Amino acid sequence: MLTKEIILNYLEAVTDPEIPVLTIQDMGIIRDIKILGEDAVEIFITPTYSGCPAMSAIATNIRLELISRGVSNVKISEQLSPAWTTDWMSEAGKTKLNAYGIAPPQYRTKQNPENEQDVVVPCPLCNSTNTTLLSQFGSTACKALYKCKDCLEPFDYFKCH
Amino acid sequence: MTNDKIQYILQLADNSLIHGHRLSEWCGHGPILEVDMALTNIALDNIGAARSFYQYAAELEGQCKTEDSYPYERDILEFRNVLLLELPNGEFSDTLMKCFFFDAFQFHFYTALQKSTDERIASIATKSLKEVTYHLRFSSEWVIRLGDGTAESKQKMQAAIADFWTYTGELFDASAAEKAMMSEGVAVDPASLRPLWEKTIADTFEEATLSYPIQKDGAWFQKGGKTGIHTEYIGFILAEMQYMQKSYPGLEW
């Protein structure tokens, strides 16, 4: 008998194609799971950014993973509301991101600072707080580009969204 | 009634698609790498918003329509985007000014559209608003930097205002579908956004030390896009965008 817990457990194996250290649960992309039958489930996912090309890859990977576990009937539905926010990213996910070299979101969006440029983003490589924003737009929609003024390395910052 | 709703959704989708498509032309041509990435990121957000709207229109219309039916299978007269967005990119200063005028509009528009009585439209608005907030920050910062920059950069920004100002009026004219949907609380009255938009423009231009035309009631503006009467430029956009589907109808990757 399938349960939500079993499905969640299976989905631990599905990671973000752009950031392979994060599972889609770390990202907060899975919004709901409905058991429809003995081998049938409906998975509700929410897009991170509207145009994020990773979403279709993620849907395919969810399907393939569940089919490989014997759940042959997988329906994937997109849920737009409430809109995805980095507040849903798990603490474990943030730690993994930092270790991977991407600075994790620095505050909860409910506590938006007056000016986002004032937010101190520590360098994920040397932990220095002497860093500077190079560009609000980085290598993917969810990231900004920073530079560490101590170790001089550029790095990605996962924007609060 | 459903038809009016579909037309309204397509109008919103077409704006995002054509704007996104124009910005994608900057890919590999940005003045610096960071700007290149910013413009293509903004293009991606817009095309993503367009997809959300096209998907909804396809569901409402049924009859085997998909999100791809609208961008690839319609001809010029069926597109409902405002003229401003189909104009050529010009120089970096021109593209920025187009972006700034449109981003400022989209910011206030999506803010109001979050209260749409149609839940799906409201949820797309909420999602897109988060993204447009970045777009507006990017374009207004550059307007300020170049406006309050060198004599040459200022002159270019001033020229861009002169070129595009006459295309901004159409943003605030309600189309027939828009009026029908306004009465049901689905659509936002675009005219109600004008004072908000003008305030954003005035504040930014003041900081950028740029001058702009004083708004007068009854001033003449270019229009036509919302009724399908376009400039010649959209033909070139569609020729490129639709080439593959016209040559090989129904082709999929």
# chains A, B, ... in the order shown; residues from 1 in each chain; ligands from 1
$ interface_residues --of "chain A" --to "chain B" --cutoff "10 Å" --atoms "only C-alpha atoms" --output "ChimeraX atom specification"
/A:47-53,79-85,134-142,144-145,161
$ select_by_dssp --residues "stretch 21-129 of chain A" --states "strand (DSSP E)" --output "list in words"
Ile30, Arg31, Asp32, Ile33, Lys34, Ile35, Leu36, Gly37, Ala40, Val41, Glu42, Ile43, Phe44, Ile45, Asn73, Val74, Lys75, Ile76, Ser77, Glu78, Ile102 and Ala103 of chain A
$ write_last_selection --atoms "C-alpha atoms" --output "PDB file, in the first residue's frame"
ATOM      1  CA  ILE A  30       6.978  19.344  -3.924  1.00  0.00           C
ATOM      2  CA  ARG A  31       3.746  20.912  -2.671  1.00  0.00           C
ATOM      3  CA  ASP A  32       1.473  17.890  -2.246  1.00  0.00           C
ATOM      4  CA  ILE A  33       1.128  14.198  -2.949  1.00  0.00           C
ATOM      5  CA  LYS A  34      -2.135  12.390  -3.561  1.00  0.00           C
ATOM      6  CA  ILE A  35      -2.373   8.611  -3.573  1.00  0.00           C
ATOM      7  CA  LEU A  36      -4.808   7.724  -6.366  1.00  0.00           C
ATOM      8  CA  GLY A  37      -4.540   3.926  -6.322  1.00  0.00           C
ATOM      9  CA  ALA A  40      -1.035   5.652  -9.045  1.00  0.00           C
ATOM     10  CA  VAL A  41      -0.067   9.010  -7.548  1.00  0.00           C
ATOM     11  CA  GLU A  42      -0.501  12.666  -8.323  1.00  0.00           C
ATOM     12  CA  ILE A  43       2.458  14.887  -7.471  1.00  0.00           C
ATOM     13  CA  PHE A  44       1.941  18.648  -7.193  1.00  0.00           C
ATOM     14  CA  ILE A  45       5.037  20.672  -7.993  1.00  0.00           C
ATOM     15  CA  ASN A  73       0.871   5.706 -13.046  1.00  0.00           C
ATOM     16  CA  VAL A  74       2.304   9.136 -12.238  1.00  0.00           C
ATOM     17  CA  LYS A  75       0.412  12.353 -12.793  1.00  0.00           C
ATOM     18  CA  ILE A  76       2.334  15.578 -12.309  1.00  0.00           C
ATOM     19  CA  SER A  77       0.390  18.778 -11.782  1.00  0.00           C
ATOM     20  CA  GLU A  78       1.730  22.270 -11.583  1.00  0.00           C
ATOM     21  CA  ILE A 102      26.775  28.636  -3.654  1.00  0.00           C
ATOM     22  CA  ALA A 103      25.867  31.113  -0.891  1.00  0.00           C
TER      23      ALA A 103
END
$ residues_around --residues "A:Ile19" --least-positions-apart "3" --cutoff "12 Å" --atoms "only C-alpha atoms" --output "list of chain:residue names"
A:Val14, A:Thr15, A:Asp16, A:Leu22, A:Thr23, A:Ile24, A:Asp26, A:Met27, A:Ala54, A:Ile58, A:Gly93, A:Lys94, A:Lys96, A:Leu97, A:Asn98, A:Ala99, A:Tyr100, A:Gly101, A:Ile102, A:Ser139, A:Thr140, A:Cys142, A:Lys143, A:Asp156, A:Phe158
$ atom_distance --atom1 "atom CA of B:Thr227" --atom2 "atom CA of B:Tyr56"
21.1 Å
$ residues_around --residues "A:Val121" --least-positions-apart "2" --cutoff "12 Å" --atoms "only C-alpha atoms" --output "JSON, numbers by chain"
{"A": [98, 102, 103, 104, 105, 106, 107, 116, 117, 118, 119, 123, 124, 125, 126, 127, 128, 129, 130, 131, 132, 133, 144, 145, 146, 147, 148, 149, 155, 156, 157, 158, 159, 160]}
$ write_last_selection --atoms "C-alpha atoms" --output "mmCIF file, in the first residue's frame"
data_model
loop_
_atom_site.group_PDB
_atom_site.id
_atom_site.type_symbol
_atom_site.label_atom_id
_atom_site.label_comp_id
_atom_site.auth_asym_id
_atom_site.auth_seq_id
_atom_site.Cartn_x
_atom_site.Cartn_y
_atom_site.Cartn_z
ATOM 1 C CA ASN A 98 27.055 26.516 0.958
ATOM 2 C CA ILE A 102 26.775 28.636 -3.654
ATOM 3 C CA ALA A 103 25.867 31.113 -0.891
ATOM 4 C CA PRO A 104 22.378 30.224 0.396
ATOM 5 C CA PRO A 105 19.499 32.744 0.824
ATOM 6 C CA GLN A 106 20.391 35.051 3.728
ATOM 7 C CA TYR A 107 17.020 36.071 5.116
ATOM 8 C CA GLU A 116 18.621 44.213 -0.758
ATOM 9 C CA GLN A 117 22.078 45.475 -1.710
ATOM 10 C CA ASP A 118 22.761 46.031 2.010
ATOM 11 C CA VAL A 119 22.463 42.319 2.764
ATOM 12 C CA CYS A 123 31.734 33.983 0.789
ATOM 13 C CA PRO A 124 31.009 30.230 0.652
ATOM 14 C CA LEU A 125 34.693 29.538 -0.001
ATOM 15 C CA CYS A 126 36.505 31.493 2.759
ATOM 16 C CA ASN A 127 33.559 32.717 4.922
ATOM 17 C CA SER A 128 34.661 36.337 4.595
ATOM 18 C CA THR A 129 31.854 38.877 4.831
ATOM 19 C CA ASN A 130 33.888 41.318 2.737
ATOM 20 C CA THR A 131 31.958 40.595 -0.474
ATOM 21 C CA THR A 132 30.325 42.670 -3.188
ATOM 22 C CA LEU A 133 27.459 42.260 -5.639
ATOM 23 C CA ALA A 144 23.011 36.566 -8.327
ATOM 24 C CA LEU A 145 26.714 36.961 -8.940
ATOM 25 C CA TYR A 146 28.999 38.097 -6.097
ATOM 26 C CA LYS A 147 32.704 38.505 -5.609
ATOM 27 C CA CYS A 148 34.749 37.975 -2.454
ATOM 28 C CA LYS A 149 37.130 40.868 -1.833
ATOM 29 C CA PHE A 155 30.642 33.098 -6.444
ATOM 30 C CA ASP A 156 26.923 32.503 -6.976
ATOM 31 C CA TYR A 157 24.361 33.613 -4.409
ATOM 32 C CA PHE A 158 20.941 31.964 -4.282
ATOM 33 C CA LYS A 159 18.689 35.035 -4.146
ATOM 34 C CA CYS A 160 15.967 35.438 -1.554
#
$ atom_distance --atom1 "atom CA of A:Ala59" --atom2 "atom CA of B:Glu61"
24.9 Å
$ closest_residue --among "B:Gly147, B:Pro213, B:Gly228, B:Pro71" --to "B:Asp163" --atoms "only C-alpha atoms"
B:Pro213
$ select_by_dssp --residues "stretch 58-125 of chain A" --states "helix (DSSP H, G or I)" --output "NGL selection string"
:A and (58-68 or 86-88 or 91-100 or 109-111 or 116-118)
$ write_last_selection --atoms "C-alpha atoms" --output "short mmCIF file (atom, residue, chain, number, x, y, z; two decimals), in the first residue's frame"
data_model
loop_
_atom_site.label_atom_id
_atom_site.label_comp_id
_atom_site.auth_asym_id
_atom_site.auth_seq_id
_atom_site.Cartn_x
_atom_site.Cartn_y
_atom_site.Cartn_z
CA ILE A 58 12.46 17.76 -12.83
CA ALA A 59 9.01 16.51 -13.87
CA THR A 60 10.61 13.88 -16.11
CA ASN A 61 12.99 12.78 -13.35
CA ILE A 62 10.15 12.42 -10.83
CA ARG A 63 8.28 10.25 -13.31
CA LEU A 64 11.30 8.07 -14.11
CA GLU A 65 12.21 7.61 -10.44
CA LEU A 66 8.71 6.56 -9.42
CA ILE A 67 8.29 4.24 -12.40
CA SER A 68 11.59 2.56 -11.50
CA THR A 86 13.15 30.48 -0.90
CA ASP A 87 11.58 30.44 2.60
CA TRP A 88 10.61 26.85 1.76
CA GLU A 91 18.05 24.21 6.50
CA ALA A 92 19.82 21.02 5.41
CA GLY A 93 19.53 22.28 1.83
CA LYS A 94 21.08 25.63 2.72
CA THR A 95 24.04 23.90 4.40
CA LYS A 96 24.54 21.67 1.34
CA LEU A 97 24.36 24.69 -0.98
CA ASN A 98 27.05 26.52 0.96
CA ALA A 99 29.32 23.46 0.94
CA TYR A 100 28.77 23.22 -2.83
CA THR A 109 11.34 37.03 2.50
CA LYS A 110 8.81 38.05 5.17
CA GLN A 111 11.61 40.13 6.73
CA GLU A 116 18.62 44.21 -0.76
CA GLN A 117 22.08 45.48 -1.71
CA ASP A 118 22.76 46.03 2.01
#
$ residues_around --residues "B:Leu193" --least-positions-apart "5" --cutoff "9 Å" --atoms "only C-alpha atoms" --output "ChimeraX atom specification"
/B:105,108-109,112,172,188,198
$ write_last_selection --atoms "N, CA and C atoms" --output "PDB file, in the first residue's frame"
ATOM      1  N   PHE B 105       5.344  49.671 -15.922  1.00  0.00           N
ATOM      2  CA  PHE B 105       3.933  49.332 -16.122  1.00  0.00           C
ATOM      3  C   PHE B 105       3.618  47.964 -15.524  1.00  0.00           C
ATOM      4  N   HIS B 108       3.188  47.773 -11.620  1.00  0.00           N
ATOM      5  CA  HIS B 108       1.902  48.238 -11.083  1.00  0.00           C
ATOM      6  C   HIS B 108       0.756  47.367 -11.578  1.00  0.00           C
ATOM      7  N   PHE B 109       0.884  46.892 -12.820  1.00  0.00           N
ATOM      8  CA  PHE B 109      -0.173  46.053 -13.393  1.00  0.00           C
ATOM      9  C   PHE B 109      -0.313  44.731 -12.634  1.00  0.00           C
ATOM     10  N   ALA B 112      -1.808  45.047  -9.175  1.00  0.00           N
ATOM     11  CA  ALA B 112      -3.273  45.141  -9.177  1.00  0.00           C
ATOM     12  C   ALA B 112      -3.913  43.824  -9.619  1.00  0.00           C
ATOM     13  N   PHE B 172      -2.199  52.113 -21.551  1.00  0.00           N
ATOM     14  CA  PHE B 172      -3.290  52.499 -20.653  1.00  0.00           C
ATOM     15  C   PHE B 172      -4.658  52.522 -21.333  1.00  0.00           C
ATOM     16  N   VAL B 188      -7.705  44.303 -14.901  1.00  0.00           N
ATOM     17  CA  VAL B 188      -7.404  45.571 -14.239  1.00  0.00           C
ATOM     18  C   VAL B 188      -7.710  46.690 -15.230  1.00  0.00           C
ATOM     19  N   GLU B 198       3.216  57.028 -13.874  1.00  0.00           N
ATOM     20  CA  GLU B 198       3.833  58.351 -14.044  1.00  0.00           C
ATOM     21  C   GLU B 198       4.698  58.716 -12.843  1.00  0.00           C
TER      22      GLU B 198
END
$ closest_residue --among "B:Glu86, B:Glu207, B:Glu67, B:Asp118" --to "B:Phe164" --atoms "only C-alpha atoms"
B:Glu86
